[in-house]
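Dumped final.cif below, it's mmCIF, C-alpha atoms and all ligand atoms:
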```
data_input
#
loop_
_atom_site.label_atom_id
_atom_site.label_comp_id
_atom_site.auth_asym_id
_atom_site.auth_seq_id
_atom_site.Cartn_x
_atom_site.Cartn_y
_atom_site.Cartn_z
CA MET N 152 -59.28 91.77 -13.74
CA LYS N 153 -61.80 94.18 -15.29
CA TYR N 154 -62.34 97.49 -13.43
CA ILE N 155 -65.99 96.76 -12.51
CA ASP N 156 -65.25 93.23 -11.25
CA LYS N 157 -62.42 94.54 -9.10
CA ILE N 158 -64.67 97.27 -7.69
CA LYS N 159 -67.47 94.85 -6.85
CA SER N 160 -65.04 92.59 -5.01
CA LEU N 161 -63.83 95.40 -2.70
CA PRO N 162 -65.04 95.20 0.93
CA LYS N 163 -67.57 97.92 1.89
CA LYS N 164 -66.50 100.42 4.53
CA GLU N 165 -68.86 101.58 7.28
CA ASP N 166 -67.80 105.23 7.09
CA PRO N 167 -66.49 105.61 3.53
CA ILE N 168 -64.82 108.84 2.43
CA ILE N 169 -66.71 109.83 -0.72
CA LEU N 170 -65.61 112.60 -3.07
CA ALA N 171 -68.61 113.98 -4.98
CA ILE N 172 -68.67 116.03 -8.17
CA GLU N 173 -71.54 118.14 -9.53
CA SER N 174 -71.37 119.93 -12.89
CA SER N 175 -74.91 119.79 -14.31
CA CYS N 176 -75.42 123.53 -14.87
CA ASP N 177 -73.31 126.58 -14.01
CA GLU N 178 -71.71 125.49 -10.73
CA THR N 179 -68.60 123.32 -10.68
CA ALA N 180 -68.79 121.73 -7.25
CA CYS N 181 -66.83 119.18 -5.25
CA ALA N 182 -67.51 117.92 -1.74
CA ILE N 183 -66.01 115.27 0.51
CA LEU N 184 -68.24 113.36 2.92
CA LYS N 185 -67.52 110.85 5.64
CA GLY N 186 -70.13 108.19 6.28
CA GLY N 187 -72.64 109.92 4.03
CA ARG N 188 -73.81 112.60 6.45
CA GLU N 189 -70.66 114.38 7.65
CA VAL N 190 -69.51 117.07 5.21
CA LEU N 191 -65.72 117.43 5.46
CA SER N 192 -65.64 120.06 2.71
CA SER N 193 -67.96 121.51 0.08
CA GLU N 194 -66.53 123.84 -2.54
CA ILE N 195 -68.14 125.61 -5.50
CA ILE N 196 -66.70 127.58 -8.40
CA SER N 197 -69.61 129.29 -10.14
CA SER N 198 -69.72 130.73 -13.65
CA ALA N 199 -73.04 132.52 -12.90
CA SER N 200 -71.50 135.99 -13.23
CA VAL N 201 -70.48 135.22 -16.85
CA HIS N 202 -73.98 133.97 -17.71
CA ALA N 203 -75.53 137.04 -16.07
CA ILE N 204 -74.35 139.12 -19.04
CA TYR N 205 -76.64 137.00 -21.28
CA GLY N 206 -79.56 136.80 -18.82
CA GLY N 207 -79.35 133.00 -18.48
CA VAL N 208 -77.03 130.00 -18.69
CA VAL N 209 -75.21 129.62 -22.04
CA PRO N 210 -74.44 125.86 -22.32
CA GLU N 211 -71.16 126.17 -24.27
CA ILE N 212 -69.81 128.80 -21.87
CA ALA N 213 -70.84 126.60 -18.93
CA SER N 214 -68.97 123.57 -20.36
CA ARG N 215 -65.78 125.57 -20.90
CA ALA N 216 -66.02 127.06 -17.41
CA HIS N 217 -66.35 123.55 -15.92
CA THR N 218 -63.24 122.43 -17.82
CA ASP N 219 -61.30 125.34 -16.30
CA ALA N 220 -62.67 124.87 -12.80
CA ILE N 221 -62.92 121.12 -12.21
CA ASP N 222 -59.33 120.45 -11.21
CA LYS N 223 -59.19 123.56 -9.03
CA VAL N 224 -62.40 122.77 -7.18
CA VAL N 225 -61.35 119.15 -6.50
CA TYR N 226 -58.02 120.26 -5.03
CA LYS N 227 -59.79 122.97 -2.99
CA ALA N 228 -62.12 120.33 -1.51
CA LEU N 229 -59.23 117.94 -0.74
CA ASN N 230 -57.19 120.72 0.91
CA LYS N 231 -60.12 121.95 2.98
CA ALA N 232 -60.76 118.39 4.22
CA ASN N 233 -57.03 117.91 4.80
CA LEU N 234 -57.05 114.74 2.69
CA THR N 235 -55.25 113.36 -0.34
CA PHE N 236 -56.50 111.17 -3.21
CA SER N 237 -55.30 108.03 -1.44
CA ASP N 238 -57.78 108.67 1.43
CA LEU N 239 -60.79 108.36 -0.89
CA ASP N 240 -63.05 105.27 -0.91
CA ALA N 241 -65.41 106.20 -3.79
CA ILE N 242 -66.23 108.91 -6.33
CA ALA N 243 -69.86 110.04 -6.75
CA VAL N 244 -70.86 112.11 -9.75
CA THR N 245 -73.98 113.72 -11.18
CA TYR N 246 -74.60 111.98 -14.52
CA GLY N 247 -77.95 113.73 -15.23
CA ALA N 248 -80.21 115.57 -15.53
CA GLY N 249 -78.62 118.70 -16.88
CA LEU N 250 -76.69 120.25 -19.75
CA LEU N 251 -74.94 117.45 -21.62
CA GLY N 252 -71.65 119.24 -22.25
CA ALA N 253 -71.51 120.42 -18.66
CA LEU N 254 -72.30 116.96 -17.25
CA LEU N 255 -69.68 115.33 -19.46
CA VAL N 256 -66.90 117.33 -17.81
CA GLY N 257 -67.80 116.00 -14.36
CA VAL N 258 -68.49 112.46 -15.56
CA SER N 259 -65.19 112.22 -17.49
CA TYR N 260 -63.19 113.59 -14.57
CA ALA N 261 -64.92 111.25 -12.10
CA LYS N 262 -64.31 108.22 -14.33
CA ALA N 263 -60.62 108.99 -14.69
CA LEU N 264 -60.26 109.52 -10.95
CA ALA N 265 -62.14 106.36 -9.97
CA PHE N 266 -60.21 104.23 -12.49
CA SER N 267 -56.79 105.59 -11.52
CA LEU N 268 -57.48 105.12 -7.79
CA GLY N 269 -59.16 101.71 -8.29
CA ILE N 270 -62.26 102.75 -6.31
CA PRO N 271 -66.01 102.69 -7.10
CA LEU N 272 -67.65 105.19 -9.42
CA ILE N 273 -71.17 106.07 -8.22
CA PRO N 274 -73.64 107.62 -10.70
CA VAL N 275 -76.08 110.01 -9.01
CA SER N 276 -79.27 111.64 -10.29
CA HIS N 277 -79.22 115.40 -9.68
CA ILE N 278 -82.82 115.38 -8.43
CA ARG N 279 -82.15 112.56 -6.00
CA GLY N 280 -79.28 114.73 -4.80
CA HIS N 281 -81.65 117.64 -4.08
CA LEU N 282 -83.82 115.26 -2.04
CA ALA N 283 -80.81 113.88 -0.14
CA ALA N 284 -79.70 117.38 0.99
CA ALA N 285 -82.11 117.01 3.93
CA TYR N 286 -80.06 114.08 5.29
CA LEU N 287 -77.18 116.51 5.82
CA SER N 288 -79.30 118.78 8.04
CA ASP N 289 -80.68 116.08 10.26
CA LYS N 290 -78.36 113.14 10.72
CA GLU N 291 -81.18 111.05 12.25
CA LEU N 292 -83.61 111.67 9.36
CA LYS N 293 -85.09 108.48 7.90
CA PRO N 294 -88.01 107.86 5.52
CA PRO N 295 -90.97 108.03 5.49
CA PHE N 296 -91.39 111.79 5.00
CA ILE N 297 -92.90 114.28 2.54
CA THR N 298 -90.48 116.29 0.39
CA LEU N 299 -91.35 119.59 -1.19
CA LEU N 300 -89.11 119.68 -4.26
CA ALA N 301 -88.87 123.23 -5.62
CA SER N 302 -86.03 123.92 -8.03
CA GLY N 303 -85.24 125.55 -11.35
CA GLY N 304 -86.55 122.59 -13.35
CA HIS N 305 -88.83 120.71 -10.93
CA THR N 306 -91.78 121.31 -8.65
CA ALA N 307 -93.29 118.32 -6.90
CA ILE N 308 -94.67 116.90 -3.69
CA ILE N 309 -93.06 113.53 -3.07
CA HIS N 310 -93.88 110.88 -0.51
CA VAL N 311 -90.49 109.34 0.29
CA LEU N 312 -91.46 105.87 1.49
CA ASP N 313 -87.92 104.54 1.65
CA TYR N 314 -84.46 105.53 0.41
CA ASP N 315 -85.28 104.04 -2.99
CA ASN N 316 -89.07 104.16 -3.02
CA PHE N 317 -90.85 107.37 -3.98
CA GLU N 318 -94.48 108.20 -4.62
CA ILE N 319 -94.82 111.40 -6.63
CA LEU N 320 -98.09 112.84 -5.32
CA GLY N 321 -98.13 115.73 -7.76
CA SER N 322 -95.92 117.94 -9.88
CA THR N 323 -96.07 120.97 -12.11
CA LEU N 324 -98.18 120.77 -15.23
CA ASP N 325 -96.10 123.46 -16.97
CA ASP N 326 -93.35 125.75 -15.61
CA ALA N 327 -91.28 124.92 -12.54
CA VAL N 328 -91.49 127.40 -9.67
CA GLY N 329 -87.80 128.40 -9.97
CA GLU N 330 -88.26 128.94 -13.68
CA ALA N 331 -91.23 131.26 -12.91
CA PHE N 332 -89.05 133.23 -10.45
CA ASP N 333 -86.37 133.60 -13.13
CA LYS N 334 -88.85 134.73 -15.81
CA VAL N 335 -90.55 137.22 -13.49
CA ALA N 336 -87.13 138.58 -12.52
CA ARG N 337 -86.46 139.36 -16.16
CA VAL N 338 -89.75 141.27 -16.51
CA LEU N 339 -88.88 143.24 -13.39
CA GLY N 340 -85.47 144.09 -14.87
CA LEU N 341 -83.56 142.07 -12.27
CA PRO N 342 -80.30 140.27 -13.12
CA TYR N 343 -79.72 136.50 -13.36
CA PRO N 344 -80.06 134.45 -11.17
CA GLY N 345 -83.59 135.73 -10.73
CA GLY N 346 -84.92 133.98 -7.61
CA PRO N 347 -82.75 135.61 -4.94
CA ASN N 348 -83.21 139.03 -6.56
CA VAL N 349 -87.02 138.71 -6.63
CA GLU N 350 -86.88 137.77 -2.95
CA LYS N 351 -84.73 140.81 -2.17
CA LEU N 352 -87.08 143.18 -4.01
CA ALA N 353 -90.19 141.60 -2.46
CA LYS N 354 -88.92 142.63 0.98
CA ASP N 355 -89.69 146.27 0.05
CA GLY N 356 -93.21 145.43 -1.13
CA ASN N 357 -96.29 146.49 0.85
CA ASP N 358 -99.54 146.11 -1.08
CA ILE N 359 -100.66 142.81 -2.58
CA ILE N 360 -101.80 142.91 -6.21
CA ALA N 361 -104.42 140.25 -7.04
CA MET N 362 -102.87 137.20 -8.74
CA PRO N 363 -104.54 134.18 -10.37
CA LYS N 364 -105.53 131.41 -7.97
CA MET N 365 -103.59 128.81 -10.01
CA LEU N 366 -104.66 125.39 -8.73
CA LYS N 367 -105.28 126.71 -5.22
CA GLY N 368 -108.16 124.92 -3.57
CA SER N 369 -108.09 122.18 -6.22
CA LYS N 370 -107.75 118.61 -5.04
CA GLY N 371 -104.47 116.80 -5.54
CA TYR N 372 -100.90 118.00 -5.51
CA ASN N 373 -100.31 119.33 -9.00
CA PHE N 374 -99.09 122.86 -9.69
CA SER N 375 -99.33 125.28 -12.58
CA TYR N 376 -97.07 128.34 -12.79
CA SER N 377 -97.62 129.38 -16.38
CA GLY N 378 -100.76 131.48 -15.64
CA LEU N 379 -99.13 133.23 -12.69
CA LYS N 380 -96.05 134.09 -14.72
CA THR N 381 -98.22 135.43 -17.58
CA ALA N 382 -100.32 137.50 -15.15
CA VAL N 383 -97.16 139.22 -13.86
CA ILE N 384 -95.88 139.84 -17.40
CA ASN N 385 -99.29 141.21 -18.51
CA TYR N 386 -99.57 143.49 -15.48
CA ALA N 387 -96.15 145.01 -16.19
CA HIS N 388 -96.77 145.35 -19.93
CA LYS N 389 -100.22 146.95 -19.51
CA CYS N 390 -98.79 149.56 -17.14
CA GLN N 391 -95.92 150.25 -19.56
CA GLN N 392 -98.32 150.58 -22.53
CA LYS N 393 -100.45 153.09 -20.62
CA GLY N 394 -97.30 154.99 -19.62
CA GLU N 395 -98.08 154.29 -15.96
CA THR N 396 -95.45 153.48 -13.39
CA PHE N 397 -96.04 150.53 -11.11
CA ASN N 398 -94.51 149.46 -7.85
CA LYS N 399 -92.06 146.69 -8.75
CA ALA N 400 -91.58 145.68 -5.12
CA ASP N 401 -95.35 145.19 -4.68
CA LEU N 402 -95.46 143.08 -7.84
CA ALA N 403 -92.47 140.98 -6.67
CA LYS N 404 -94.09 140.45 -3.27
CA SER N 405 -97.47 139.54 -4.80
CA PHE N 406 -95.85 137.02 -7.15
CA GLN N 407 -93.71 135.52 -4.39
CA CYS N 408 -96.67 135.06 -2.03
CA ALA N 409 -98.80 133.43 -4.73
CA ALA N 410 -95.94 131.18 -5.91
CA ILE N 411 -94.91 130.03 -2.44
CA ASP N 412 -98.22 129.85 -0.53
CA ILE N 413 -99.53 127.05 -2.72
CA LEU N 414 -96.32 125.02 -2.26
CA VAL N 415 -96.51 125.35 1.50
CA ASP N 416 -100.23 124.53 1.68
CA LYS N 417 -99.94 121.44 -0.51
CA ALA N 418 -96.90 120.13 1.38
CA ILE N 419 -98.81 120.42 4.67
CA ASP N 420 -101.93 118.80 3.14
CA ALA N 421 -99.81 115.90 1.88
CA ALA N 422 -98.25 115.28 5.31
CA CYS N 423 -101.71 115.32 6.92
CA GLU N 424 -103.28 113.06 4.29
CA LYS N 425 -100.44 110.53 4.36
CA LYS N 426 -100.16 110.76 8.16
CA VAL N 427 -96.45 111.50 7.90
CA ASP N 428 -94.90 113.54 10.72
CA THR N 429 -91.94 115.05 8.81
CA ILE N 430 -91.56 117.41 5.85
CA THR N 431 -88.27 118.13 4.08
CA VAL N 432 -87.40 120.61 1.35
CA GLY N 433 -85.12 120.24 -1.67
CA GLY N 434 -84.08 122.53 -4.54
CA GLY N 435 -83.00 126.14 -5.02
CA VAL N 436 -86.36 127.74 -4.18
CA GLY N 437 -85.96 126.12 -0.75
CA ALA N 438 -83.43 128.91 -0.07
CA ASN N 439 -86.29 131.46 -0.23
CA GLY N 440 -86.71 133.15 3.15
CA TYR N 441 -90.48 133.60 2.80
CA LEU N 442 -90.93 129.89 2.00
CA ARG N 443 -88.76 128.87 4.96
CA GLU N 444 -90.63 131.14 7.41
CA SER N 445 -94.09 130.27 6.17
CA LEU N 446 -93.45 126.51 6.11
CA SER N 447 -91.84 126.64 9.57
CA LYS N 448 -94.89 128.41 11.03
CA LYS N 449 -97.42 126.09 9.42
CA CYS N 450 -95.48 122.96 10.37
CA ALA N 451 -95.27 124.18 13.98
CA ASP N 452 -99.06 124.78 14.01
CA LYS N 453 -99.66 121.18 12.93
CA SER N 454 -96.86 119.65 15.06
CA ILE N 455 -95.07 118.49 11.91
CA LYS N 456 -91.28 118.23 12.09
CA LEU N 457 -89.60 120.32 9.38
CA VAL N 458 -86.12 119.52 8.06
CA LEU N 459 -84.77 122.48 6.10
CA PRO N 460 -81.38 122.06 4.42
CA GLN N 461 -79.02 125.02 4.86
CA LYS N 462 -79.62 127.59 2.12
CA CYS N 463 -76.32 126.70 0.40
CA MET N 464 -77.42 123.04 0.31
CA CYS N 465 -80.72 123.93 -1.44
CA THR N 466 -79.12 125.36 -4.57
CA ASP N 467 -76.78 123.16 -6.65
CA ASN N 468 -73.85 121.77 -4.64
CA ALA N 469 -71.82 118.57 -4.47
CA ALA N 470 -72.48 117.68 -0.81
CA MET N 471 -76.03 116.60 -1.71
CA ILE N 472 -74.58 114.40 -4.47
CA GLY N 473 -72.27 112.82 -1.88
CA ALA N 474 -75.24 112.23 0.47
CA GLU N 475 -77.15 110.36 -2.24
CA GLY N 476 -73.91 108.73 -3.43
CA TYR N 477 -73.50 107.20 0.04
CA LEU N 478 -76.94 105.55 -0.21
CA ARG N 479 -75.94 104.14 -3.62
CA TYR N 480 -72.58 102.98 -2.12
CA LEU N 481 -74.42 100.98 0.54
CA LYS N 482 -76.44 99.27 -2.21
CA GLY N 483 -73.39 98.67 -4.39
CA ASP N 484 -74.87 100.67 -7.28
CA PHE N 485 -71.60 101.26 -9.06
CA ALA N 486 -71.03 102.25 -12.69
CA ASP N 487 -68.58 100.86 -15.18
CA LEU N 488 -66.32 103.07 -17.28
CA ASP N 489 -68.93 103.33 -20.04
CA LEU N 490 -71.04 105.63 -17.82
CA ASN N 491 -72.45 108.43 -19.96
CA ALA N 492 -74.07 111.78 -19.20
CA LYS N 493 -77.85 112.01 -19.69
CA ALA N 494 -79.85 115.19 -20.30
CA GLN N 495 -82.97 113.68 -18.70
CA VAL N 496 -82.85 111.65 -15.52
CA GLY N 497 -85.89 111.43 -13.28
CA ILE N 498 -86.34 110.60 -9.64
CA GLU N 499 -86.95 106.92 -10.39
CA CYS N 500 -83.43 106.58 -11.78
CA LYS N 501 -80.61 106.16 -9.30
N1 LIG N 601 -83.91 132.80 -2.60
C1 LIG N 601 -84.56 132.30 -3.63
N2 LIG N 601 -85.86 132.56 -3.85
C2 LIG N 601 -86.52 132.04 -4.92
N3 LIG N 601 -85.93 131.26 -5.84
C3 LIG N 601 -84.63 130.98 -5.67
C4 LIG N 601 -83.88 131.47 -4.58
N4 LIG N 601 -82.59 131.01 -4.70
C5 LIG N 601 -82.56 130.27 -5.82
N5 LIG N 601 -83.78 130.25 -6.41
C6 LIG N 601 -84.15 129.61 -7.66
O1 LIG N 601 -83.76 128.27 -7.63
C7 LIG N 601 -83.40 127.84 -8.95
C8 LIG N 601 -82.05 127.18 -8.91
O2 LIG N 601 -82.20 126.06 -8.12
P1 LIG N 601 -81.58 124.69 -8.51
O3 LIG N 601 -80.15 124.86 -8.53
O4 LIG N 601 -82.14 123.73 -7.56
O5 LIG N 601 -82.22 124.50 -9.95
P2 LIG N 601 -81.59 123.82 -11.23
O6 LIG N 601 -80.43 122.99 -10.83
O7 LIG N 601 -81.42 124.88 -12.24
O8 LIG N 601 -82.79 122.90 -11.68
P3 LIG N 601 -83.02 121.34 -11.32
O9 LIG N 601 -82.35 121.10 -10.04
O10 LIG N 601 -84.50 121.21 -11.26
O11 LIG N 601 -82.41 120.61 -12.46
C9 LIG N 601 -83.42 129.06 -9.84
O12 LIG N 601 -84.61 129.03 -10.58
C10 LIG N 601 -83.38 130.20 -8.84
O13 LIG N 601 -84.00 131.37 -9.31
MG MG N 602 -80.53 121.78 -9.19
#
```

Written as structure tokens, that's how I'd like the structure from this file.
Amino acid sequence: MKYIDKIKSLPKKEDPIILAIESSCDETACAILKGGREVLSSEIISSASVHAIYGGVVPEIASRAHTDAIDKVVYKALNKANLTFSDLDAIAVTYGAGLLGALLVGVSYAKALAFSLGIPLIPVSHIRGHLAAAYLSDKELKPPFITLLASGGHTAIIHVLDYDNFEILGSTLDDAVGEAFDKVARVLGLPYPGGPNVEKLAKDGNDIIAMPKMLKGSKGYNFSYSGLKTAVINYAHKCQQKGETFNKADLAKSFQCAAIDILVDKAIDAACEKKVDTITVGGGVGANGYLRESLSKKCADKSIKLVLPQKCMCTDNAAMIGAEGYLRYLKGDFADLDLNAKAQVGIECK
């Protein structure tokens, strides 16, 4: 019998043990979940410190690092969960979006594992994974809700109508918010990864420097970060050209407030307009302390329930891939052995 036919004929388990793999960028991650919402283990081996030397992720270095780390991280996750390969019911894997060479390492490993164990292979979109991280924080969470997606490559307000039904209310017209954090970090002389370092520096800031309004006050849920990023770069360059010193912490704080306030305001507006009582957050910028505090306060003021994933579940990890993989498992969305990595995969794709 062909692999895919055999897989489709297997009975579904109520609380499947799913091993999930994520290798789309510079983190090689493996997690094991029971029943989709209980994380038995979640391990990461990061190559970020190597990329830091170059100021950003170098795709070829990332692929080689994944090749070195994948076996180690899978065994670490199995050991932590006190399980062996024979306990697994399915393998979920990020097949896109991301760096092709990096994705291929995870996809190839997952295929080999699923085939050798005779269990389903579940292809997962990285972005759907970021959205599913919220299910790990609140085991009772169910759509509908509004998600604020704020990551290195995406910025959007999404109305999650059902597990498979999304209405994108607005998104960025140019740079993603995480990308803006990373670029501003470079101008401020901070090391990669930029976001957490900008946040750290902003804590020492006092005075707010005027920043462009971006699309603040405009109708709709689109964002634009290109002007804000350029304003920060111009401010720093003008001071340098005049031989003036400037307060980097103030600039970091001013950028952070401008970048985050608009996200928070539009997420709240969306929940009010759509009459939805819950907001969730997904993506690496969701780990930002100022965003978490500000959104918490504003949600409390409006009696909106806020589901914030743990900080380590906002940035890339495999537990979120397992959470989305479980939803795909329930639907029987399994891949055959010709599954390929894809550089671009949107939210509409599974
Ligand atoms: N504490 C923080 N404050 C602000 N930004 C942060 C923080 N922590 C991480 N980030 C930003 O989050 C981004 C990484 O998040 P994530 O892993 O979700 O993005 P990605 O995987 O590169 O992109 P995508 O998920 O859109 O494909 C980086 O841009 C990083 O600077
Ligand atoms: Mg990501």

Practice problem: Go ahead and find all residues with at least one atom no further than 12 Å from (-94.9, 127.8, 8.2) in the file's coordinates, using all atoms listed in the file; report them as a list in words. | Solution: Ile411, Asp412, Ile413, Leu414, Val415, Asp416, Lys417, Ala418, Ile419, Ile430, Gly440, Tyr441, Leu442, Arg443, Glu444, Ser445, Leu446, Ser447, Lys448, Lys449, Cys450, Ala451, Asp452, Lys453, Ser454, Ile455, Lys456, Leu457 and Leu459 of chain N

Could you take the residues named above and write them with C-alpha atoms, as a compact mmCIF listing (two decimals), in the coordinates of the input?
```
# COMPACT_ATOMS: atom_id res chain seq x y z
CA ILE N 411 -94.91 130.03 -2.44
CA ASP N 412 -98.22 129.85 -0.53
CA ILE N 413 -99.53 127.05 -2.72
CA LEU N 414 -96.32 125.02 -2.26
CA VAL N 415 -96.51 125.35 1.50
CA ASP N 416 -100.23 124.53 1.68
CA LYS N 417 -99.94 121.44 -0.51
CA ALA N 418 -96.90 120.13 1.38
CA ILE N 419 -98.81 120.42 4.67
CA ILE N 430 -91.56 117.41 5.85
CA GLY N 440 -86.71 133.15 3.15
CA TYR N 441 -90.48 133.60 2.80
CA LEU N 442 -90.93 129.89 2.00
CA ARG N 443 -88.76 128.87 4.96
CA GLU N 444 -90.63 131.14 7.41
CA SER N 445 -94.09 130.27 6.17
CA LEU N 446 -93.45 126.51 6.11
CA SER N 447 -91.84 126.64 9.57
CA LYS N 448 -94.89 128.41 11.03
CA LYS N 449 -97.42 126.09 9.42
CA CYS N 450 -95.48 122.96 10.37
CA ALA N 451 -95.27 124.18 13.98
CA ASP N 452 -99.06 124.78 14.01
CA LYS N 453 -99.66 121.18 12.93
CA SER N 454 -96.86 119.65 15.06
CA ILE N 455 -95.07 118.49 11.91
CA LYS N 456 -91.28 118.23 12.09
CA LEU N 457 -89.60 120.32 9.38
CA LEU N 459 -84.77 122.48 6.10
```

Practice problem: Do a neighbour search on stretch 269-274 of chain N at 9 Å with all atoms listed in the file, toss out local chain neighbours closer than 2 positions, and write the hits as a PyMOL selection string. | Solution: chain N and resi 154-155+157-159+161+171+239-247+258+261-262+264-267+276+476-477+479-480+483-488+490+501

List as an mmCIF file with C-alpha atoms, in the coordinates of the input the protein and nucleic acid residues near N:Leu254, meaning an atom at most 12 Å away when only C-alpha atoms are counted, but skip any in the same chain fewer than 6 places from it.
```
data_model
loop_
_atom_site.group_PDB
_atom_site.id
_atom_site.type_symbol
_atom_site.label_atom_id
_atom_site.label_comp_id
_atom_site.auth_asym_id
_atom_site.auth_seq_id
_atom_site.Cartn_x
_atom_site.Cartn_y
_atom_site.Cartn_z
ATOM 1 C CA ILE N 172 -68.670 116.030 -8.170
ATOM 2 C CA GLU N 173 -71.540 118.140 -9.530
ATOM 3 C CA SER N 174 -71.370 119.930 -12.890
ATOM 4 C CA SER N 175 -74.910 119.790 -14.310
ATOM 5 C CA CYS N 176 -75.420 123.530 -14.870
ATOM 6 C CA ASP N 177 -73.310 126.580 -14.010
ATOM 7 C CA GLU N 178 -71.710 125.490 -10.730
ATOM 8 C CA THR N 179 -68.600 123.320 -10.680
ATOM 9 C CA ALA N 180 -68.790 121.730 -7.250
ATOM 10 C CA PRO N 210 -74.440 125.860 -22.320
ATOM 11 C CA GLU N 211 -71.160 126.170 -24.270
ATOM 12 C CA ALA N 213 -70.840 126.600 -18.930
ATOM 13 C CA SER N 214 -68.970 123.570 -20.360
ATOM 14 C CA ARG N 215 -65.780 125.570 -20.900
ATOM 15 C CA ALA N 216 -66.020 127.060 -17.410
ATOM 16 C CA HIS N 217 -66.350 123.550 -15.920
ATOM 17 C CA THR N 218 -63.240 122.430 -17.820
ATOM 18 C CA ILE N 221 -62.920 121.120 -12.210
ATOM 19 C CA VAL N 244 -70.860 112.110 -9.750
ATOM 20 C CA THR N 245 -73.980 113.720 -11.180
ATOM 21 C CA TYR N 246 -74.600 111.980 -14.520
ATOM 22 C CA GLY N 247 -77.950 113.730 -15.230
ATOM 23 C CA ALA N 248 -80.210 115.570 -15.530
ATOM 24 C CA TYR N 260 -63.190 113.590 -14.570
ATOM 25 C CA ALA N 261 -64.920 111.250 -12.100
ATOM 26 C CA PRO N 274 -73.640 107.620 -10.700
ATOM 27 C CA VAL N 275 -76.080 110.010 -9.010
ATOM 28 C CA SER N 276 -79.270 111.640 -10.290
ATOM 29 C CA HIS N 277 -79.220 115.400 -9.680
ATOM 30 C CA LEU N 490 -71.040 105.630 -17.820
ATOM 31 C CA ASN N 491 -72.450 108.430 -19.960
ATOM 32 C CA ALA N 492 -74.070 111.780 -19.200
ATOM 33 C CA LYS N 493 -77.850 112.010 -19.690
ATOM 34 C CA ALA N 494 -79.850 115.190 -20.300
ATOM 35 C CA GLN N 495 -82.970 113.680 -18.700
ATOM 36 C CA VAL N 496 -82.850 111.650 -15.520
#
```

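For the atom pair formed by atom CA of N:Asn233 and atom CA of N:Lys290, the distance is 22.6 Å, given to one decimal.
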
Practice problem: Compile the contact shell of N:Val458 as a ChimeraX atom specification: residues with an atom at most 12 Å away, counting all atoms listed in the file, same-chain residues fewer than 3 positions apart removed. | Solution: /N:282-293,296-299,428-433,437,443,446-447,450-451,455,461-462,465

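Coordinates place atom CA of N:Gly207 at a distance of 19.3 Å from atom CA of N:Leu352.
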
Self-check item: Exercise answer, 6 Å around ligand LIG 601 (chain N) with all atoms listed in the file, as number ranges by chain
Solution: N: 278, 302-305, 329-330, 332-333, 344-347, 350, 434-436, 438-439, 466-467

Quiz item: Between N:Leu339, N:Asp156, N:Ser369, N:Ser375, which is the closest to N:Phe397 once you count all atoms listed in the file?
Solution: N:Leu339

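Put simply, atom CA of N:Cys463 is 16.6 Å away from atom CA of N:Lys351.
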
Atoms are missing here; could stretch 458-468 of chain N be completed with N, CA and C atoms and written as a PDB file, in the frame of the given file?
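Output file rebuild-v4.pdb follows:
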```
ATOM      1  N   VAL N 458     -87.568 119.599   8.253  1.00  0.00           N
ATOM      2  CA  VAL N 458     -86.120 119.520   8.060  1.00  0.00           C
ATOM      3  C   VAL N 458     -85.761 120.394   6.848  1.00  0.00           C
ATOM      4  N   LEU N 459     -85.157 121.538   7.152  1.00  0.00           N
ATOM      5  CA  LEU N 459     -84.770 122.480   6.100  1.00  0.00           C
ATOM      6  C   LEU N 459     -83.262 122.371   5.872  1.00  0.00           C
ATOM      7  N   PRO N 460     -82.831 122.030   4.672  1.00  0.00           N
ATOM      8  CA  PRO N 460     -81.380 122.060   4.420  1.00  0.00           C
ATOM      9  C   PRO N 460     -80.877 123.500   4.542  1.00  0.00           C
ATOM     10  N   GLN N 461     -79.611 123.674   4.873  1.00  0.00           N
ATOM     11  CA  GLN N 461     -79.020 125.020   4.860  1.00  0.00           C
ATOM     12  C   GLN N 461     -79.259 125.627   3.483  1.00  0.00           C
ATOM     13  N   LYS N 462     -79.320 126.958   3.407  1.00  0.00           N
ATOM     14  CA  LYS N 462     -79.620 127.590   2.120  1.00  0.00           C
ATOM     15  C   LYS N 462     -78.624 127.158   1.030  1.00  0.00           C
ATOM     16  N   CYS N 463     -77.338 127.053   1.409  1.00  0.00           N
ATOM     17  CA  CYS N 463     -76.320 126.700   0.400  1.00  0.00           C
ATOM     18  C   CYS N 463     -76.427 125.246  -0.045  1.00  0.00           C
ATOM     19  N   MET N 464     -77.213 124.447   0.698  1.00  0.00           N
ATOM     20  CA  MET N 464     -77.420 123.040   0.310  1.00  0.00           C
ATOM     21  C   MET N 464     -78.716 122.877  -0.489  1.00  0.00           C
ATOM     22  N   CYS N 465     -79.492 123.978  -0.630  1.00  0.00           N
ATOM     23  CA  CYS N 465     -80.720 123.930  -1.440  1.00  0.00           C
ATOM     24  C   CYS N 465     -80.366 124.122  -2.913  1.00  0.00           C
ATOM     25  N   THR N 466     -79.556 125.128  -3.188  1.00  0.00           N
ATOM     26  CA  THR N 466     -79.120 125.360  -4.570  1.00  0.00           C
ATOM     27  C   THR N 466     -78.063 124.303  -4.924  1.00  0.00           C
ATOM     28  N   ASP N 467     -77.673 124.237  -6.205  1.00  0.00           N
ATOM     29  CA  ASP N 467     -76.780 123.160  -6.650  1.00  0.00           C
ATOM     30  C   ASP N 467     -75.461 123.139  -5.848  1.00  0.00           C
ATOM     31  N   ASN N 468     -75.092 121.964  -5.413  1.00  0.00           N
ATOM     32  CA  ASN N 468     -73.850 121.770  -4.640  1.00  0.00           C
ATOM     33  C   ASN N 468     -73.465 120.301  -4.755  1.00  0.00           C
TER      34      ASN N 468
END
```
